[in-house]
Amino acid sequence: MTIRNLDRLLNPSSVALIGASRTPGSVGATVAHNLFNGGFDGPVMPVNPKHRAIEGVLAYPDVASLPVIPDLAVICTPPQAIPGLIGELGQRGTRAAVIVTAGFGEGGDAAGKALERDVLQAARPYLLRIVGPNCLGLIVPEVGLNASFAHLAPRHGHLAFAAQSGAIVTSVVDWAHSRGIGFSHLVSLGDMIDVDFGDMLDYLASDGDTRAILLYIEAVTHARKFLSAARAAARSKPVVVVKGGRHAEGAKAVASHTGALAGVDAVYDAAFRRAGMLRVFSLEELFDAVGILGMIRPPKGDRLAILSNGGGIGILATDALMDRRGRLAELSAATKAKLDAVLPKTWSHGNPVDIVGDADAKRYGDALTVLLESGDTDAVLVLNCPTAIASGIDAARGVVEAAAPRKTPVVIASWVGEASTAEARALFAAHAIPSYATPEAGVRAFMYTVNYRRSQELLTQTPPSIPQEFEPDVEAVRALVAGVIAQGREWLNEAEAKAALAAYGIPVAAVRIVATAEQAAAAAVEFGVPVAMKILSPDITHKSDVGGVALDLDGERMVRERAELMLANVRKRCPDARVEGFTVGPMVRRAGAYELIAGVTDDAQFGPVILFGHGGTAVEVVDDKALGLPPLNMHLAREIMSRTRIYRELEGYRDRAAADLDGIAMTLIKIAQLASDVPQVIELDINPLLADADGVIALDARLRVRATDARPGERLAIRPYPKELEEDIPLADGRELLLRPIVPEDEPALQDAFARFSPEQIRLRFFVPMKTLSHVVAARFTQIDYDREMALVLTEHGIAGQTELYGVVRVSADPDNERGEYAIIVRQDMTGLGLGLLLMRRIVDYARARGLAEIHGDVLHENSTMLRLCDALGFERSALADDPALVRVTLKLR
């Protein structure tokens, strides 16, 4: 369940307040005052058997006495009575409730958790939606609904704010009120036993009154639903998030506050990034980010020029930019020459552009014009510190005049100070130039725009084709894992772990298991080269910590002696460990190779998470790693790699060649696929993964498993590619095509196919003439969320992105998974082969299998071919009152 009945919650026609009170300072009295004085244009019905009237309005003794069925009920009664009230309300026809009351599952209270279950059980038969419990309530200023105990009534605006914490909501209302900031919705979600962040994102994404969505998150429920909703919302409007409980101490507070698990912060960071959300770290940053995103379009790049009348503030701005991993624009010789012509000789001759303390309006305007016209920068941060020699407000006017004719590059201002800067800031605000009190704040705002643009690019960037196809031996790994679990083990030994990796096409160093020192020596003789030897024990995972690793052993005698010494040391340090022998393998010599770590970890909320970073024995000390959510493609894998410090070394420098970056990225893709295919895998470490220009090789690997009934891909927070939908399609002329789900790599092929459609085909499909399919539109068609929509393409066998597309059919489900809209197009040179009927049958079968109640489409009256096809499949026709040129065709599926 997601947005079903949320219209009753956020735009009700009538409200009942159960537990309304006349006791001053009580929650029931405060909510009543807010409801009756918020301007709501509908009946508000207080329920309390002890009072005849509340706020001058007749009160009712119980739910049964209400004269009107309330769309929304706000409940402020003791928790024990609430399950019964929910049942009564549902029976009467109420479809939404806000439970303000606390005393449920906070802090893990068992009795409270039982009450939560009772409430949900009472609501379920009626599809009654619940916000809370333990919440402030909700406010929708546009309709005058203030169903909360907030101390202020917020202004109406176009920002929506949803938070778990009621205190955060009231603080934001207070902070925003003095700054003239308004809201479309404010929702305190509390313990989120029903309505959660995923539901709110789905609702607000399609709300026309909301231009940006702000979230304060302590924990999420239903990670897949959350990410699907966040990705959909972030495509249409900015979504900015603050995460509470980033550190262990804060996470403890979260657990006691809402009874929720805060989760590992780095995993949340990866999830927010994957969803295209902008993460900030304080409420002040939250509004700063929304302020600048609402005022300007994000710049196309990350190059920043700094223009200042003082060297010190320019340096502070530069430091702040470097701290945030920004990029200082490099000024070309031509740009410097133009600046020479308009600036005094004492200017800085570089970036930051220090135009000296006596800079007047003309100097500011001239310098800014040169920078804006240079092509060297994507944004300019203009700084001013007050002096007695030149007027700050005049300088501001010069900036406004120079910036006015242009929308790019972006101009950001920081007039430092307080008493003498108010007029300048007002001038900037009047001309839609973002301005900030300090250089650091200006840089921070610029980086919000950069990071937001990057997050949006992740949603639309076309990944390159995978350089090589790989067909993993999935069944071999599943059988191996099943055998380990059947033996009661959770860790695969080194040889087994490497066998699993090899089955997925990851190069591994050879290894042999032996039971004794004599056998180890014999194995070394057979290899005929220096060997590496490691202790083999199911109880020892970090072998080097106990002296269980010996390298570069040359000769039978050395191997035997070191094996005996190793065994003695391990028995001394870990007397209870079971020792099964040794692993022996030839030394891998890759001079100058980098030691990396690649692996999979299991997160309680988001499932499998991919890890990449600087490896070796000091991996924890170096602490250079990045996380990402599977599934991955080449672009996503490279993006994870780029967030580590070692990535710059991997790109090559001086006389060192670049490492095989594609090989590293493919390794991440392969382990992500392994985690999806074999849900029993809960931990995987390849450390070290050696990488150089010649490729990668796994020297050591650990793999941990756990019995589970989860299906392949089920544990991933993002639904993976549904390979089970692939199907070979034989044609009458002997050719064989492949029907498969669309993938992001198909974008170039989709654009090429679009170019082959006739103008008439395009008009019948899109209802308007279109000459080309833009990157943004093509990316939206190919980068789909398999959990919410499906597109099947007819193509050839081969690597995605390198084969032609002959037809596409898709269905997009609503968030409630009730109704879906279909679309289809077949290339003109492939018509007459029955492919349209085949594609429609397959998408209907898919829609029925996923549980949709119906699918529909809008077809032009003149598109007789499509209408005949729909008739053959049992679709029903109906007229569209608002567009007589179209026919709505609908097929009931259940």
# chains A, B, ... in the order shown; residues from 1 in each chain; ligands from 1

$ residues_around --residues "Leu480 (chain A)" --least-positions-apart "5" --cutoff "12 Å" --atoms "only C-alpha atoms" --output "ChimeraX atom specification"
/A:473-475,485-487,489,491-493,495-501,503,678,680-681,703,705

$ residues_around --residues "Gly56 (chain A)" --least-positions-apart "6" --cutoff "12 Å" --atoms "only C-alpha atoms" --output "short mmCIF file (atom, residue, chain, number, x, y, z; two decimals) with N, CA, C and O atoms, in the first residue's frame"
data_model
loop_
_atom_site.label_atom_id
_atom_site.label_comp_id
_atom_site.auth_asym_id
_atom_site.auth_seq_id
_atom_site.Cartn_x
_atom_site.Cartn_y
_atom_site.Cartn_z
N SER A 21 -10.14 18.39 23.83
CA SER A 21 -10.17 18.74 25.25
C SER A 21 -10.30 20.24 25.43
O SER A 21 -10.00 21.03 24.54
N ARG A 22 -10.76 20.62 26.64
CA ARG A 22 -10.80 22.03 27.03
C ARG A 22 -9.75 22.34 28.09
O ARG A 22 -9.67 23.47 28.57
N ALA A 32 -7.26 21.01 19.02
CA ALA A 32 -8.58 21.57 18.75
C ALA A 32 -8.48 23.03 18.35
O ALA A 32 -9.11 23.48 17.38
N HIS A 33 -7.69 23.80 19.10
CA HIS A 33 -7.52 25.22 18.78
C HIS A 33 -6.97 25.38 17.36
O HIS A 33 -7.46 26.22 16.58
N PHE A 36 -9.65 24.40 14.65
CA PHE A 36 -10.77 25.33 14.51
C PHE A 36 -10.34 26.71 14.02
O PHE A 36 -11.16 27.48 13.53
N ASN A 37 -9.06 27.03 14.13
CA ASN A 37 -8.60 28.37 13.79
C ASN A 37 -7.64 28.39 12.60
O ASN A 37 -6.99 29.40 12.35
N VAL A 44 -15.41 20.30 11.36
CA VAL A 44 -14.48 19.74 12.33
C VAL A 44 -15.31 19.32 13.53
O VAL A 44 -15.95 20.15 14.18
N MET A 45 -15.28 18.03 13.85
CA MET A 45 -16.19 17.48 14.85
C MET A 45 -15.41 16.95 16.05
O MET A 45 -14.72 15.93 15.95
N PRO A 46 -15.46 17.67 17.18
CA PRO A 46 -14.77 17.19 18.38
C PRO A 46 -15.52 16.03 19.03
O PRO A 46 -16.76 16.03 19.06
#

$ atom_distance --atom1 "CA of Ala510 (chain A)" --atom2 "CA of Gly585 (chain A)"
5.5 Å

$ select_by_dssp --residues "region 506-680 of chain A" --states "strand (DSSP E)" --output "count of residues only"
42

$ residues_around --residues "region 194-204 of chain A" --least-positions-apart "4" --cutoff "6 Å" --atoms "only C-alpha atoms" --output "list in words"
Thr2, Ile3, Ile130, Val131, Lys225, Phe226 and Ala229 of chain A

$ residues_around --residues "Ala337 (chain A)" --least-positions-apart "3" --cutoff "12 Å" --atoms "only C-alpha atoms" --output "list in words"
Leu331, Ser332, Ala333, Ala334, Asp340, Ala341, Val342, Leu343, Lys345, Trp347, His349, Gly350, Ala367, Val370, Leu371 and Ser374 of chain A

$ write_last_selection --atoms "C-alpha atoms" --output "mmCIF file, in the first residue's frame"
data_model
loop_
_atom_site.group_PDB
_atom_site.id
_atom_site.type_symbol
_atom_site.label_atom_id
_atom_site.label_comp_id
_atom_site.auth_asym_id
_atom_site.auth_seq_id
_atom_site.Cartn_x
_atom_site.Cartn_y
_atom_site.Cartn_z
ATOM 1 C CA LEU A 331 41.745 31.154 -15.991
ATOM 2 C CA SER A 332 43.066 31.102 -19.535
ATOM 3 C CA ALA A 333 45.734 33.501 -20.758
ATOM 4 C CA ALA A 334 43.067 35.293 -22.806
ATOM 5 C CA ASP A 340 44.512 43.096 -17.062
ATOM 6 C CA ALA A 341 42.724 45.622 -19.245
ATOM 7 C CA VAL A 342 40.049 46.473 -16.656
ATOM 8 C CA LEU A 343 41.857 45.940 -13.322
ATOM 9 C CA LYS A 345 48.169 46.182 -11.904
ATOM 10 C CA TRP A 347 45.193 42.467 -8.928
ATOM 11 C CA HIS A 349 46.546 37.649 -11.671
ATOM 12 C CA GLY A 350 44.865 34.367 -10.852
ATOM 13 C CA ALA A 367 35.683 41.938 -13.827
ATOM 14 C CA VAL A 370 35.013 39.148 -18.204
ATOM 15 C CA LEU A 371 34.609 36.048 -16.060
ATOM 16 C CA SER A 374 35.286 33.712 -20.561
#

$ residues_around --residues "region 91-105 of chain A" --least-positions-apart "3" --cutoff "8 Å" --atoms "only C-alpha atoms" --output "ChimeraX atom specification"
/A:5-6,8-9,64,69-79,86-88,108-116,126-138,191,258-259

$ select_by_dssp --residues "region 460-524 of chain A" --states "alpha helix (DSSP H)" --output "number ranges by chain"
A: 460, 474-486, 494-503, 517-524

$ residues_around --residues "Pro730 (chain A)" --least-positions-apart "3" --cutoff "12 Å" --atoms "only C-alpha atoms" --output "list in words"
Glu727, Asp733, Gly734, Arg735, Glu736, Leu737, Leu738, Leu739, Leu794, Thr795, Glu796, Leu833, Gly834, Leu835 and Leu838 of chain A

$ write_last_selection --atoms "N, CA and C atoms" --output "CSV table (one decimal), in the first residue's frame"
chain,number,residue,atom,x,y,z
A,727,GLU,N,13.2,-14.1,-23.5
A,727,GLU,CA,12.5,-15.1,-24.3
A,727,GLU,C,13.0,-15.1,-25.8
A,733,ASP,N,10.8,-16.0,-41.1
A,733,ASP,CA,11.9,-16.1,-42.1
A,733,ASP,C,13.1,-16.8,-41.6
A,734,GLY,N,13.1,-17.4,-40.5
A,734,GLY,CA,14.2,-18.2,-40.0
A,734,GLY,C,15.0,-17.4,-39.0
A,735,ARG,N,14.9,-16.1,-38.9
A,735,ARG,CA,15.6,-15.3,-37.9
A,735,ARG,C,15.1,-15.6,-36.5
A,736,GLU,N,16.0,-15.3,-35.5
A,736,GLU,CA,15.6,-15.5,-34.1
A,736,GLU,C,15.9,-14.2,-33.4
A,737,LEU,N,14.9,-13.6,-32.8
A,737,LEU,CA,15.1,-12.3,-32.0
A,737,LEU,C,15.0,-12.7,-30.5
A,738,LEU,N,15.4,-11.7,-29.7
A,738,LEU,CA,15.4,-11.8,-28.3
A,738,LEU,C,14.4,-10.8,-27.7
A,739,LEU,N,13.5,-11.3,-26.9
A,739,LEU,CA,12.6,-10.4,-26.2
A,739,LEU,C,13.1,-10.3,-24.8
A,794,LEU,N,12.3,-5.9,-28.4
A,794,LEU,CA,12.6,-6.9,-29.3
A,794,LEU,C,14.0,-6.5,-29.9
A,795,THR,N,14.9,-7.4,-29.8
A,795,THR,CA,16.3,-7.1,-30.3
A,795,THR,C,17.0,-8.3,-30.7
A,796,GLU,N,18.2,-8.2,-31.0
A,796,GLU,CA,19.0,-9.4,-31.4
A,796,GLU,C,19.8,-9.9,-30.2
A,833,LEU,N,4.5,-8.8,-39.2
A,833,LEU,CA,5.1,-10.1,-38.8
A,833,LEU,C,4.4,-10.6,-37.5
A,834,GLY,N,3.3,-9.9,-37.1
A,834,GLY,CA,2.6,-10.3,-35.9
A,834,GLY,C,3.3,-9.9,-34.6
A,835,LEU,N,4.3,-9.0,-34.7
A,835,LEU,CA,5.1,-8.6,-33.5
A,835,LEU,C,4.3,-7.7,-32.6
A,838,LEU,N,2.2,-10.0,-30.5
A,838,LEU,CA,3.1,-10.7,-29.5
A,838,LEU,C,3.5,-9.8,-28.4

$ closest_residue --among "A:Asp694, A:Ala320, A:Leu764, A:Cys385" --to "Glu418 (chain A)" --atoms "only C-alpha atoms"
A:Cys385

$ residues_around --residues "Val353 (chain A)" --least-positions-apart "3" --cutoff "10 Å" --atoms "only C-alpha atoms" --output "PyMOL selection string"
chain A and resi 305-311+314+331+336+339+347-350+356+367-368+371+382

$ closest_residue --among "A:Val239, A:Val27, A:Ala59, A:Ala675" --to "Leu632 (chain A)" --atoms "only C-alpha atoms"
A:Ala675

$ atom_distance --atom1 "CA of Pro530 (chain A)" --atom2 "CA of Gly555 (chain A)"
7.1 Å

$ atom_distance --atom1 "CA of Leu458 (chain A)" --atom2 "CA of Glu714 (chain A)"
23.2 Å

$ closest_residue --among "A:Val399, A:Ala424, A:Leu120, A:Ala205" --to "Met192 (chain A)" --atoms "only C-alpha atoms"
A:Leu120

$ decode --residues "region 854-869 of chain A" --atoms "all heavy atoms" --output "short mmCIF file (atom, residue, chain, number, x, y, z; two decimals), in the first residue's frame"
data_model
loop_
_atom_site.label_atom_id
_atom_site.label_comp_id
_atom_site.auth_asym_id
_atom_site.auth_seq_id
_atom_site.Cartn_x
_atom_site.Cartn_y
_atom_site.Cartn_z
N GLU A 854 -6.01 -3.66 -13.79
CA GLU A 854 -6.33 -3.32 -15.17
C GLU A 854 -5.16 -2.59 -15.81
O GLU A 854 -4.30 -2.05 -15.12
CB GLU A 854 -7.57 -2.43 -15.25
CG GLU A 854 -7.38 -1.05 -14.66
CD GLU A 854 -8.59 -0.14 -14.88
OE1 GLU A 854 -9.71 -0.55 -14.51
OE2 GLU A 854 -8.39 0.98 -15.41
N ILE A 855 -5.13 -2.61 -17.13
CA ILE A 855 -4.21 -1.75 -17.87
C ILE A 855 -5.03 -0.95 -18.87
O ILE A 855 -6.09 -1.38 -19.31
CB ILE A 855 -3.08 -2.52 -18.58
CG1 ILE A 855 -3.64 -3.50 -19.61
CG2 ILE A 855 -2.20 -3.23 -17.58
CD1 ILE A 855 -2.56 -4.14 -20.48
N HIS A 856 -4.54 0.24 -19.20
CA HIS A 856 -5.26 1.09 -20.12
C HIS A 856 -4.28 1.86 -20.99
O HIS A 856 -3.08 1.94 -20.70
CB HIS A 856 -6.18 2.06 -19.38
CG HIS A 856 -5.41 3.11 -18.62
ND1 HIS A 856 -4.96 2.91 -17.33
CD2 HIS A 856 -4.99 4.35 -18.97
CE1 HIS A 856 -4.32 3.99 -16.92
NE2 HIS A 856 -4.31 4.87 -17.90
N GLY A 857 -4.80 2.44 -22.04
CA GLY A 857 -4.01 3.30 -22.92
C GLY A 857 -4.93 4.26 -23.64
O GLY A 857 -6.15 4.03 -23.74
N ASP A 858 -4.38 5.37 -24.12
CA ASP A 858 -5.13 6.34 -24.90
C ASP A 858 -4.67 6.25 -26.35
O ASP A 858 -3.47 6.33 -26.64
CB ASP A 858 -4.91 7.75 -24.36
CG ASP A 858 -5.48 7.92 -22.96
OD1 ASP A 858 -6.39 7.16 -22.60
OD2 ASP A 858 -5.00 8.80 -22.22
N VAL A 859 -5.63 6.07 -27.26
CA VAL A 859 -5.33 5.83 -28.66
C VAL A 859 -6.08 6.85 -29.52
O VAL A 859 -7.25 7.15 -29.25
CB VAL A 859 -5.76 4.39 -29.07
CG1 VAL A 859 -5.37 4.10 -30.51
CG2 VAL A 859 -5.15 3.37 -28.12
N LEU A 860 -5.40 7.40 -30.51
CA LEU A 860 -6.07 8.29 -31.44
C LEU A 860 -7.16 7.54 -32.22
O LEU A 860 -6.98 6.38 -32.60
CB LEU A 860 -5.07 8.88 -32.43
CG LEU A 860 -4.15 9.99 -31.88
CD1 LEU A 860 -3.03 10.28 -32.87
CD2 LEU A 860 -4.93 11.25 -31.57
N HIS A 861 -8.30 8.20 -32.43
CA HIS A 861 -9.41 7.58 -33.16
C HIS A 861 -8.95 7.02 -34.49
O HIS A 861 -9.41 5.96 -34.94
CB HIS A 861 -10.51 8.62 -33.41
CG HIS A 861 -11.56 8.66 -32.35
ND1 HIS A 861 -12.45 7.64 -32.15
CD2 HIS A 861 -11.84 9.61 -31.43
CE1 HIS A 861 -13.26 7.94 -31.15
NE2 HIS A 861 -12.90 9.14 -30.69
N GLU A 862 -8.01 7.70 -35.15
CA GLU A 862 -7.59 7.30 -36.49
C GLU A 862 -6.59 6.15 -36.48
O GLU A 862 -6.24 5.62 -37.53
CB GLU A 862 -6.97 8.49 -37.21
CG GLU A 862 -5.76 9.06 -36.49
CD GLU A 862 -5.46 10.50 -36.88
OE1 GLU A 862 -4.77 10.67 -37.90
OE2 GLU A 862 -5.94 11.41 -36.19
N ASN A 863 -6.12 5.76 -35.30
CA ASN A 863 -5.14 4.67 -35.22
C ASN A 863 -5.89 3.34 -35.23
O ASN A 863 -5.99 2.64 -34.22
CB ASN A 863 -4.29 4.82 -33.96
CG ASN A 863 -3.07 3.90 -33.96
OD1 ASN A 863 -2.96 3.01 -34.80
ND2 ASN A 863 -2.16 4.12 -33.02
N SER A 864 -6.42 3.00 -36.38
CA SER A 864 -7.29 1.82 -36.50
C SER A 864 -6.52 0.53 -36.22
O SER A 864 -7.09 -0.43 -35.68
CB SER A 864 -7.91 1.78 -37.89
OG SER A 864 -6.91 1.81 -38.89
N THR A 865 -5.24 0.50 -36.58
CA THR A 865 -4.45 -0.72 -36.34
C THR A 865 -4.37 -1.03 -34.85
O THR A 865 -4.59 -2.18 -34.43
CB THR A 865 -3.03 -0.55 -36.92
OG1 THR A 865 -3.12 -0.24 -38.31
CG2 THR A 865 -2.22 -1.82 -36.73
N MET A 866 -4.10 -0.01 -34.04
CA MET A 866 -3.99 -0.23 -32.60
C MET A 866 -5.35 -0.58 -32.00
O MET A 866 -5.45 -1.45 -31.14
CB MET A 866 -3.43 1.04 -31.94
CG MET A 866 -3.13 0.88 -30.45
SD MET A 866 -1.67 -0.13 -30.15
CE MET A 866 -2.40 -1.54 -29.32
N LEU A 867 -6.39 0.08 -32.47
CA LEU A 867 -7.72 -0.21 -31.94
C LEU A 867 -8.15 -1.63 -32.27
O LEU A 867 -8.75 -2.33 -31.43
CB LEU A 867 -8.74 0.80 -32.49
CG LEU A 867 -8.57 2.25 -31.96
CD1 LEU A 867 -9.51 3.19 -32.68
CD2 LEU A 867 -8.80 2.30 -30.45
N ARG A 868 -7.86 -2.11 -33.48
CA ARG A 868 -8.20 -3.50 -33.83
C ARG A 868 -7.41 -4.48 -32.96
O ARG A 868 -7.94 -5.51 -32.53
CB ARG A 868 -7.91 -3.76 -35.31
CG ARG A 868 -8.92 -3.15 -36.26
CD ARG A 868 -8.81 -3.77 -37.66
NE ARG A 868 -7.47 -3.63 -38.22
CZ ARG A 868 -7.08 -2.58 -38.94
NH1 ARG A 868 -7.93 -1.59 -39.20
NH2 ARG A 868 -5.85 -2.52 -39.43
N LEU A 869 -6.15 -4.16 -32.72
CA LEU A 869 -5.33 -5.01 -31.87
C LEU A 869 -5.91 -5.09 -30.46
O LEU A 869 -5.99 -6.18 -29.87
CB LEU A 869 -3.90 -4.46 -31.83
CG LEU A 869 -2.85 -5.25 -31.05
CD1 LEU A 869 -2.71 -6.66 -31.59
CD2 LEU A 869 -1.50 -4.54 -31.13
#
